[in-house]
Every structure is written in structure tokens, then in C-alpha cells.
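Q: A single structure is presented below for examination.
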Amino acid sequence: MTREGRVRVGLFIPCYVDAFFPKVGIATLELLERFGVEVDYPLDQTCCGQPMANAGCQDDAAATERLFVKNFDGYDYVVTPSGSCAHHVREHLNAIGQTAKVKKVRRRTHELVEFLHDVLRVREFPWARFPHKVGLHIGCATLRGLGAAKMSEIDGPPFSKPLTLLSRVKGVSVVVPSRPDECCGFGGTFSVFEEPVSARMGYDKVNDHKNAGAEYIVSQDMSCLMHQKGCAERLGLAIKFIHIAQVLNGTAA
Amino acid sequence: MKRIDHAEASSRFIAAKEHVEFHDKRLWDLRQKRDREAAAVPEWEELRSLASQIKEHTLARLPHYLAQFERNATASGMKVHWARDAAEHNQVVHELLSAHGARILVKSKSMLTEECEMRPFLETRGIEIVETDLGERIQQLDDEPPSHIVVPAVHKLRTDVARVFARTLGTDAGNSDVPYLAESQRRATRPYYLEARAGMTGANFAVAETGSFVVCTNEGNADLSANLPKLHIASIGIEKMIPRIADLGVFIRLLSRSALGSPITQFTSHFRAPRPGSEIHVVLVDNGRSERLGMQDFWYSLKCIRCGACMNTCPVYRRSGGLSYGATYSGPIGVIIDPAFNLRKYSALPFASTMNGSCSNVCPVKINIHEQIYKWRQIINERNQLPIVKKEAMRMAGKVLSSPKLYRAAVRAAHAGLEYLPRSMIYNPLNAWGRSRELPKAASATFRDWYVKHRRAGK
């Protein structure tokens, strides 16, 4: 906490968001600021180590993970607009020694929606308006790793953190595809090394959303959307993609 | 031994549009039926936990339960044989067939005999093997291994089956009516039951306290195979053991619901003792299981009851087909079992996964499949079995991403590349991403640039 008692957040913008989707980073930052959070973006940040670790290369992930912890030590929370990165940090950042400092950084890392929903416990977004038919895509690490919503395989009462927040945005109407939580086939390096299946899964995913009537696919994971967008564009499908931070922050669209 | 190239095989599967669509829909349908059945059992999750605990308990005391099973089975008049590996198993079976003068073996489906490559072994020794499970028979006649552990010919359309039967059974190639095909196969197979001097089954469960074993099927073919000939051989992997008959209910309730989304299989047959004048021989097979039991991170895979639920739910499996894995066991359970048999040959399989975790959620015995996939990737890297291209890419990524300076230079270069290079250079054959997808557009400035300008300026 700061002297004024404000929550101090270290903002982690994953490498692909930094390079390709800066607007997602800006929306995340502004949204957190709207709720009175003091946000700091450590300038020397790069990546959480996930690409190397998911390929089995703990040896190649270690230095990046060490840098991540160095950058984000000392904040009340680390917040990122990426479920899969948050999942990596919390569940898999273990290529380096698990000192108290490392464990603390890991424990305090949250995906944006989770942070808004569980930590800040905010529900109102009076500045936001998004008059569109929206299909929600919850990335698999976000869904089954972080538990963002009820999973289709496990019976139980329905819940969805992203939907809870999204449904409070004026104008949003949610459409549901026939396979709401089937993987879209991104899978990190899977998208390149298993290109045929990856692309096929992506095609099926965007077609499913299109058939449900979605104008936009909204997600907590821009990496899934980057893949789906690439598929939709190649198919010539008129469907748009937007990160949930942009919707909640009131990005005009 | 050559590394199985799952990506290459899957591209051939995907090229057959009608097949991949049917395959995906058919298996997704099984997954949805499974969801409905699971939701109708209020204590479903409790059952999964129980099943997992029973299996873990049994595996932790496997020698004890195996010995108990042998004692009780022997007391009931069965003969128990032990096979350290596939070769010993095949040898035992061959000796039994020879001793009984059996030239024909009718058998029901058994993944274990696939694993042991028993069919070619016996065939070269003059034994005629007749698979009596319909799907398995289709695969045998087409000289292909099963592509799925429960529905072995699920990758075939009925028109494919019509062609196979026309070629091998003399049916009308233009007639793909399912009852016609099934009936034709039945008529062709039935005489073998009467002629064969030996029948073979696998087992879904072996019960230590009773020395009995249980076979779950839907076609009745296992009972015919087991009961018509005088010799019944049952090949059973040592991990199939459960302690008590009372434990069986837990598994029976889970098995068919998970596999096919039906409450129970049509037949749940208990084999307790040979009929007068006939013999039952049980072959208990290790074939790498003891070794796996000793592997800290991977022994949980021995809990598997071979329901195939993980395959049905797997989005990668549904779009690549079981044969693309080039192994006896395919899909999620396959990719965590196969590398234990041959690390190099199957080193690409743990990467044939997005690690979405759906497999672990449907597994009736709660195997942490996707976590084991993650762990196998580390082993494959540690044993230097990653393709050089991938390893070099990761080494480079690790270098760049651990240095803020190199990282920022790389982002600038990527921007320049995407902005200024002609389309023909970006979408070249070396760019796997671009084969079927567009690349993201370069942003005019990075988030970091924006942040420095708008939040740090003047500070």
C-alpha cells in the first residue's frame, strides 16, 4: 500500500500485447486507475517465461523468470491482461529456486478480471457502453487453470467472472456458441509446430461464434484472439475481436 | 527409431474434409452424452475421487493384490501365467494354443494384445486370428491398427467400411447401409466361433479378493469368444487389479458413462472359474508397467481404466485422428503413456496438445493428464529429444526475453518487418503461422512507448 492507503499494482504487459496490442495495455492501465489503484509499469519487463517453459525448456526459461521476479517484487499485486501468463506465474514459474520472494510474487499475481472480480470486488462500469452481440472466449488456462468460470466437464451451479463483469456493461448482449469452452487451438508454440490442427481448431472456433451471431469475440486472452483473428481474416469472416479490458474501460466500438 | 511426426500425419487427416468433420462431431457427441450422464449422477465427483483413491491404493500395494488374485484364481481352477514383457506374453499364448491344437483364435478387443503386437506374432506361426468386435474386425480386415481404444474404427465413414467389406467379405461395395454391413460381418464371423478351439478376451477389472475378472462389452462378442471354445485365454495388464468386488460398483458406474455416455455396457461378464471340461488361463502382463509405477511424476497414468473419455473430449485428437499418433495408445492418455515405452520415437506426442486440461476434467479416475503432458515436455528437453529447430528457437527466445535491451530491439525489428516487408516474404513456406492465418498488424508504437510518453514524461 502507498502512504495514502492505495493499492500498489505492478502492471505486467505480456510481450505480444506490448508489441502488437498496445491498446489492450492502455485500457488495462486506465481501468485500474479508474478504481483508484496506483499502477506502476516496471520499464525493464519482458515476459513471464511461459513460451520456453511450455516447450519443456526450463533451462531456457530460468533467466526470464528471474527477471520477472526482479521486476515485480515489492508490489501489493501484479496484474496482467492475460490469463495464460498469470497462470504460468502462479502455477508453473518454477525454473528458478523457490525463495520466499519468488513465492510471494507468484502468489500475488492476478489476471485482470480475477483482480477486478475477486480482489477489488468491483461490479459497476458506468463509463462503459458496448451495444453489440458478443461471444465470450475464455482461454483454457484462464478457465481450467485459474477457474474463471464453470467448466463444461464438471457439473455444478453456473458462474463466470468475466460474464459477471461483462453483463454490467450497457448494451452488451451475449451470444453463446455451441461449444462454449472448447479450446481454440492457439496453445503457444503449438500454433506453429502443430499448425494444421491449430488452424483447423481456430477455424471451427470462429465459425461457431459467427453462427451464434457474434459481432465481437471478447476475451481475457489476447493470444487466443490473435490466433482467432488470423483465422477469421484468412476465412474472410466478418467478425471482430476485442480484449475485455477495452470493453470494461469503455472503448468506443 | 524414427520420431513420429504427428503434425504431418494430422495434416493428411485434415485434408479429408468429410472425415475430419464426421470424426469431430461423432466424438463430440460422445462427450456431450457423457456430460449428460455424469450430471444425472449427483455423486459423480465423489465417485471420481473414490475411483482414483481405490486405484492409488491398489497400485501402492500391487504385489500384495497380484499375489492375492493369483491365489484365489488358482483355487477356483484358473491357471495364472506371468509375462514380464510383450515377448513373454506372446510366447505364453502361443504355447497354450499349440498345446490345445488351436489353429484359430477368436478374440474380443484388447488394447494389451495390440500393445504386445500379438496378432502378427501368432499369424506368422500359422494361427488365424479373428477379431470379433465389429470395429476391431473392420480395422483388422483393413490391416490398420485401432484408432480409438473404445471405438476402433471411428475414423472411418460407413462408405469406407462398405469398401473394406466388399474387398474382404464380398459385400456390395455400393451398399453402405449399416444393418446390412453389420449383418454381413456377423454371418462371416459366426462360423469361426464354432470352429475355433481357443478364445481370448482382455479384462476391464481383475478382483483380488475373488480371483475373478470382469469384461465389459456391448456386442456380446466377448462372451461368445470366451464361452464357446474349450480354452479361454485372458490377457490382463497388472494395473487392472482392484481389491474387492465391492469396489467394482464404483468403476462400473463410471466406465460406460465416461466412455460412451451410456449408463452401463450391455454385458458386464464376471469370470470366476472354468466350466467343467474347459480351461481359463490368465496371463498377467507387466510390459513396462512396473517401471512406470516407479516413475515419480507418471505412475498415476496406471490408474487408467481405458474409457477413452479423454480422447473424445480432446480437440486435437478429434481433428487429427488416432492413427496420427503412430502408437497403440493415442489421444491424451496415449501421449503420457507412449513416451514411457520409447522416448525418442514418441517424443513429439506430448507436444500434440494445447494443454487445455479438458482431458483431466473428464477422466473418471482423475489422472492429471495435462500436467503429465507438461512434465513429459521437460523430460524430453532434458534428454535432448527436442528437434534442433525448436531447441534453438527456445534458446534464442530465452536469451532475448531475459534481456530488456535485446527484447526491445527484437520488438522494433518485428515491427519493421511486419510493416515494410512485402506479403510474399512474410507468408512464405517457412512461416507456419501464415500458412492458414493472417499475422497481427504491427502497432505504430509499443505499450511501453506509450507509457513512457504519457505516464513517465516529466516525472
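Going through the C-alpha cells in order, the chains are called A, B, and so on, while each chain numbers its residues from 1 and the ligands are numbered from 1 in the order shown.
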Counting only C-alpha atoms, which residues of chain A come no farther than 6 Å from chain B, as number ranges by chain?

A: A: 18-20, 22, 44, 46, 52, 56, 60-61, 63-64, 140, 153, 155, 187, 192, 194, 196, 230-231, 234

Q: Restricting it to N, CA and C atoms, dump the selection as a PDB file, in the first residue's frame.

A:
ATOM      1  N   ASP A  18       2.428  -5.926 -25.637  1.00  0.00           N
ATOM      2  CA  ASP A  18       3.303  -4.760 -25.755  1.00  0.00           C
ATOM      3  C   ASP A  18       3.561  -4.446 -27.226  1.00  0.00           C
ATOM      4  N   ALA A  19       3.866  -5.477 -27.994  1.00  0.00           N
ATOM      5  CA  ALA A  19       4.291  -5.264 -29.378  1.00  0.00           C
ATOM      6  C   ALA A  19       3.128  -5.076 -30.345  1.00  0.00           C
ATOM      7  N   PHE A  20       2.079  -5.868 -30.179  1.00  0.00           N
ATOM      8  CA  PHE A  20       1.020  -5.870 -31.194  1.00  0.00           C
ATOM      9  C   PHE A  20      -0.294  -5.227 -30.752  1.00  0.00           C
ATOM     10  N   PRO A  22      -0.960  -2.645 -28.087  1.00  0.00           N
ATOM     11  CA  PRO A  22      -0.730  -1.674 -27.007  1.00  0.00           C
ATOM     12  C   PRO A  22      -2.037  -1.115 -26.433  1.00  0.00           C
ATOM     13  N   ASP A  44      11.665  -2.374 -17.279  1.00  0.00           N
ATOM     14  CA  ASP A  44      12.563  -3.424 -17.749  1.00  0.00           C
ATOM     15  C   ASP A  44      11.883  -4.783 -17.923  1.00  0.00           C
ATOM     16  N   THR A  46       9.792  -7.951 -19.583  1.00  0.00           N
ATOM     17  CA  THR A  46       9.790  -8.580 -20.902  1.00  0.00           C
ATOM     18  C   THR A  46       8.662  -9.608 -21.024  1.00  0.00           C
ATOM     19  N   MET A  52       9.075 -20.665 -23.227  1.00  0.00           N
ATOM     20  CA  MET A  52      10.145 -21.639 -23.071  1.00  0.00           C
ATOM     21  C   MET A  52       9.702 -22.784 -22.159  1.00  0.00           C
ATOM     22  N   GLY A  56       8.972 -27.172 -22.494  1.00  0.00           N
ATOM     23  CA  GLY A  56       9.747 -28.102 -21.678  1.00  0.00           C
ATOM     24  C   GLY A  56      11.124 -27.569 -21.316  1.00  0.00           C
ATOM     25  N   ASP A  60      15.969 -22.829 -20.415  1.00  0.00           N
ATOM     26  CA  ASP A  60      15.901 -21.576 -21.168  1.00  0.00           C
ATOM     27  C   ASP A  60      14.927 -20.565 -20.542  1.00  0.00           C
ATOM     28  N   ALA A  61      14.061 -21.058 -19.656  1.00  0.00           N
ATOM     29  CA  ALA A  61      13.068 -20.169 -19.037  1.00  0.00           C
ATOM     30  C   ALA A  61      13.608 -19.474 -17.793  1.00  0.00           C
ATOM     31  N   ALA A  63      16.229 -17.654 -16.737  1.00  0.00           N
ATOM     32  CA  ALA A  63      16.699 -16.264 -16.668  1.00  0.00           C
ATOM     33  C   ALA A  63      15.532 -15.286 -16.828  1.00  0.00           C
ATOM     34  N   THR A  64      14.580 -15.631 -17.687  1.00  0.00           N
ATOM     35  CA  THR A  64      13.425 -14.761 -17.903  1.00  0.00           C
ATOM     36  C   THR A  64      12.542 -14.725 -16.653  1.00  0.00           C
ATOM     37  N   CYS A 140      -8.094 -21.420 -22.126  1.00  0.00           N
ATOM     38  CA  CYS A 140      -8.130 -22.648 -21.314  1.00  0.00           C
ATOM     39  C   CYS A 140      -7.374 -22.510 -20.001  1.00  0.00           C
ATOM     40  N   GLU A 153     -17.117 -29.625 -18.251  1.00  0.00           N
ATOM     41  CA  GLU A 153     -16.921 -31.034 -17.900  1.00  0.00           C
ATOM     42  C   GLU A 153     -17.386 -31.356 -16.488  1.00  0.00           C
ATOM     43  N   ASP A 155     -20.046 -30.781 -13.480  1.00  0.00           N
ATOM     44  CA  ASP A 155     -21.391 -30.300 -13.209  1.00  0.00           C
ATOM     45  C   ASP A 155     -21.386 -29.414 -11.960  1.00  0.00           C
ATOM     46  N   GLY A 187      -2.588 -22.354 -28.117  1.00  0.00           N
ATOM     47  CA  GLY A 187      -1.625 -23.245 -27.459  1.00  0.00           C
ATOM     48  C   GLY A 187      -0.170 -22.820 -27.516  1.00  0.00           C
ATOM     49  N   VAL A 192       2.368 -23.064 -34.008  1.00  0.00           N
ATOM     50  CA  VAL A 192       3.343 -23.115 -35.097  1.00  0.00           C
ATOM     51  C   VAL A 192       3.791 -24.553 -35.380  1.00  0.00           C
ATOM     52  N   GLU A 194       2.316 -27.355 -34.500  1.00  0.00           N
ATOM     53  CA  GLU A 194       1.190 -28.224 -34.857  1.00  0.00           C
ATOM     54  C   GLU A 194       0.208 -27.393 -35.689  1.00  0.00           C
ATOM     55  N   PRO A 196      -1.323 -27.493 -38.627  1.00  0.00           N
ATOM     56  CA  PRO A 196      -2.568 -27.951 -39.269  1.00  0.00           C
ATOM     57  C   PRO A 196      -3.746 -28.065 -38.291  1.00  0.00           C
ATOM     58  N   GLY A 230      -6.460 -14.105 -36.855  1.00  0.00           N
ATOM     59  CA  GLY A 230      -5.731 -14.555 -38.040  1.00  0.00           C
ATOM     60  C   GLY A 230      -6.538 -15.556 -38.849  1.00  0.00           C
ATOM     61  N   CYS A 231      -7.255 -16.434 -38.149  1.00  0.00           N
ATOM     62  CA  CYS A 231      -8.089 -17.439 -38.818  1.00  0.00           C
ATOM     63  C   CYS A 231      -9.273 -16.769 -39.512  1.00  0.00           C
ATOM     64  N   ARG A 234      -8.307 -14.865 -42.639  1.00  0.00           N
ATOM     65  CA  ARG A 234      -7.993 -15.741 -43.755  1.00  0.00           C
ATOM     66  C   ARG A 234      -9.270 -16.338 -44.346  1.00  0.00           C
TER      67      ARG A 234
END

Q: Out of region 67-141 of chain A, which residues get alpha helix (DSSP H) from DSSP, as an MDAnalysis selection string?

A: chainID A and resid 67:72 83:87 100:107 112:114 140

Q: Selected residues, C-alpha atoms, written as a PDB file, in the first residue's frame, please.

A:
ATOM      1  CA  LEU A  67      13.955 -11.124 -14.429  1.00  0.00           C
ATOM      2  CA  PHE A  68      10.182 -11.254 -13.967  1.00  0.00           C
ATOM      3  CA  VAL A  69      10.508 -11.694 -10.212  1.00  0.00           C
ATOM      4  CA  LYS A  70      13.120  -8.937 -10.029  1.00  0.00           C
ATOM      5  CA  ASN A  71      10.787  -6.551 -11.879  1.00  0.00           C
ATOM      6  CA  PHE A  72       7.688  -7.317  -9.869  1.00  0.00           C
ATOM      7  CA  GLY A  83      -4.906 -15.368 -18.116  1.00  0.00           C
ATOM      8  CA  SER A  84      -2.310 -17.695 -19.546  1.00  0.00           C
ATOM      9  CA  CYS A  85       0.605 -15.557 -18.302  1.00  0.00           C
ATOM     10  CA  ALA A  86      -0.987 -15.217 -14.855  1.00  0.00           C
ATOM     11  CA  HIS A  87      -1.466 -18.979 -14.854  1.00  0.00           C
ATOM     12  CA  ALA A 100      10.214 -16.535  -0.207  1.00  0.00           C
ATOM     13  CA  LYS A 101      10.459 -13.608  -2.613  1.00  0.00           C
ATOM     14  CA  VAL A 102       9.645 -15.754  -5.647  1.00  0.00           C
ATOM     15  CA  LYS A 103       6.721 -17.383  -3.896  1.00  0.00           C
ATOM     16  CA  LYS A 104       5.337 -14.015  -2.831  1.00  0.00           C
ATOM     17  CA  VAL A 105       5.450 -12.586  -6.350  1.00  0.00           C
ATOM     18  CA  ARG A 106       3.790 -15.723  -7.709  1.00  0.00           C
ATOM     19  CA  ARG A 107       1.031 -15.670  -5.115  1.00  0.00           C
ATOM     20  CA  LEU A 112      -7.125  -8.610 -14.738  1.00  0.00           C
ATOM     21  CA  VAL A 113     -10.727  -9.891 -14.482  1.00  0.00           C
ATOM     22  CA  GLU A 114      -9.835 -12.024 -11.496  1.00  0.00           C
ATOM     23  CA  CYS A 140      -8.130 -22.648 -21.314  1.00  0.00           C
TER      24      CYS A 140
END

Q: Go ahead and compute the interatomic distance for CA of Gly171 (chain A) and CA of Lys240 (chain A), in Å to one decimal.

A: 16.5 Å

Q: According to DSSP computed on the backbone, where in region 113-335 of chain B is there strand (DSSP E)? Give the residues as a PyMOL selection string.

A: chain B and resi 128-131+198-201+205-207+212-217+231-237+241-242+267-271+279-285

Q: So that I have them on file, write out the residues from the current selection with C-alpha atoms, as a short mmCIF file (atom, residue, chain, number, x, y, z; two decimals), in the first residue's frame.

A:
data_model
loop_
_atom_site.label_atom_id
_atom_site.label_comp_id
_atom_site.auth_asym_id
_atom_site.auth_seq_id
_atom_site.Cartn_x
_atom_site.Cartn_y
_atom_site.Cartn_z
CA GLU B 128 -5.61 -67.44 -37.75
CA ILE B 129 -6.84 -64.61 -35.54
CA VAL B 130 -10.42 -63.41 -35.80
CA GLU B 131 -11.28 -60.15 -34.12
CA ALA B 198 -9.47 -71.11 -28.41
CA GLY B 199 -11.00 -67.80 -27.43
CA MET B 200 -9.39 -64.74 -25.98
CA THR B 201 -10.54 -61.70 -24.05
CA PHE B 205 -11.01 -55.30 -13.99
CA ALA B 206 -9.39 -58.12 -12.04
CA VAL B 207 -10.66 -58.55 -8.49
CA SER B 212 -12.19 -63.25 -10.79
CA PHE B 213 -12.08 -60.85 -13.69
CA VAL B 214 -14.66 -58.69 -15.42
CA VAL B 215 -15.16 -57.94 -19.11
CA CYS B 216 -17.43 -55.08 -20.19
CA THR B 217 -18.70 -55.12 -23.77
CA LEU B 231 -9.82 -72.77 -23.98
CA HIS B 232 -10.25 -69.19 -22.74
CA ILE B 233 -7.13 -67.05 -22.52
CA ALA B 234 -7.45 -63.69 -20.78
CA SER B 235 -4.62 -61.20 -21.20
CA ILE B 236 -4.64 -58.74 -18.32
CA GLY B 237 -2.30 -55.86 -17.57
CA MET B 241 -6.31 -55.04 -10.31
CA ILE B 242 -8.88 -53.81 -7.78
CA PHE B 267 -22.72 -57.00 -20.96
CA THR B 268 -20.76 -57.00 -17.71
CA SER B 269 -19.40 -60.53 -17.57
CA HIS B 270 -17.74 -61.99 -14.50
CA PHE B 271 -15.35 -64.89 -15.00
CA GLU B 279 -9.87 -74.13 -19.11
CA ILE B 280 -9.28 -70.49 -18.27
CA HIS B 281 -5.74 -69.18 -18.48
CA VAL B 282 -4.97 -65.70 -17.19
CA VAL B 283 -1.81 -64.03 -18.46
CA LEU B 284 -0.78 -61.19 -16.17
CA VAL B 285 1.37 -58.80 -18.17
#

Q: Which residues are close to His110 (chain A), i.e. within 8 Å by only C-alpha atoms, leaving aside same-chain residues fewer than 3 positions away? Reply as a VMD selection string.

A: chain A and resid 77 to 80 86 114 to 115

Q: Please write the residues from the selection above to a file, keeping C-alpha atoms, as a PDB file, in the first residue's frame.

A:
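Dumped everything to part-v4.pdb:
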ATOM      1  CA  TYR A  77      -0.232  -7.160  -6.533  1.00  0.00           C
ATOM      2  CA  VAL A  78       0.941  -7.951 -10.022  1.00  0.00           C
ATOM      3  CA  VAL A  79      -1.878  -7.592 -12.562  1.00  0.00           C
ATOM      4  CA  THR A  80      -1.839  -8.651 -16.188  1.00  0.00           C
ATOM      5  CA  ALA A  86      -0.987 -15.217 -14.855  1.00  0.00           C
ATOM      6  CA  GLU A 114      -9.835 -12.024 -11.496  1.00  0.00           C
ATOM      7  CA  PHE A 115      -8.269  -8.975  -9.839  1.00  0.00           C
TER       8      PHE A 115
END

Q: Would you compute the distance between CA of Leu141 (chain B) and CA of Pro191 (chain B)? Give it in Å to one decimal.

A: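 Distance between the two atoms: 16.7 Å.
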
Q: What does the distance from CA of Cys184 (chain A) to CA of Cys224 (chain A) come to in Å, to one decimal?

A: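 A separation of 6.9 Å between them.
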
Q: Which is closest to Arg168 (chain A) among A:Pro14, A:Gly97, A:Gly49, A:Pro126, if we use only C-alpha atoms?

A: A:Pro126

Q: Taking 5 positions as the minimum chain separation for residues in the same chain, which residues sit within 10 Å of Phe159 (chain A) when counting only C-alpha atoms? Answer as a list in words.

A: Gly147, Ala148, Ala149, Lys150, Met151 and Thr164 of chain A

Q: Would you put the residues from that selection into a file with N, CA and C atoms, as a tab-separated table (two decimals), in the first residue's frame?

A:
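Listed below is the output, out-v8.tsv:
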chain	number	residue	atom	x	y	z
A	147	GLY	N	-9.67	-21.00	-13.01
A	147	GLY	CA	-11.04	-21.17	-12.50
A	147	GLY	C	-11.92	-19.96	-12.69
A	148	ALA	N	-11.83	-19.32	-13.87
A	148	ALA	CA	-12.58	-18.09	-14.12
A	148	ALA	C	-14.08	-18.33	-14.27
A	149	ALA	N	-14.47	-19.54	-14.58
A	149	ALA	CA	-15.89	-19.83	-14.79
A	149	ALA	C	-16.14	-21.31	-14.59
A	150	LYS	N	-17.40	-21.69	-14.59
A	150	LYS	CA	-17.75	-23.10	-14.52
A	150	LYS	C	-17.27	-23.79	-15.79
A	151	MET	N	-16.69	-24.96	-15.63
A	151	MET	CA	-16.19	-25.71	-16.79
A	151	MET	C	-17.25	-26.69	-17.24
A	164	THR	N	-19.93	-12.01	-15.45
A	164	THR	CA	-20.48	-11.17	-14.39
A	164	THR	C	-20.11	-9.71	-14.64

Q: Hey, which of B:Gly220, B:Gly202, B:Pro152, B:Pro387 ends up closest to Arg137 (chain B)? Count only C-alpha atoms.

A: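 Result for the nearest residue to Arg137 (chain B): B:Pro152.
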
Q: Find the spatial neighbours of Val9 (chain A), counting only C-alpha atoms, within a cut-off of 8 Å - ignore same-chain residues fewer than 2 positions away - and output them as a list in words.

A: Val7, Leu11, Val37, Glu38, Val39, Asp40, Tyr75, Asp76, Tyr77, Val78 and Val79 of chain A

Q: Which one of B:Leu157, B:Leu66, B:Met295, B:Leu97 sits closest to Ala16 (chain B) if you count only C-alpha atoms?

A: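 The shortest atom-to-atom distance to Ala16 (chain B) comes from B:Leu157.
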
Q: So which one's closest to Glu43 (chain B), B:Ala309, B:Leu254, B:Leu224, B:Val164? Using only C-alpha atoms, please.

A: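 Among B:Ala309, B:Leu254, B:Leu224, B:Val164, it is B:Leu254 that comes nearest to Glu43 (chain B).
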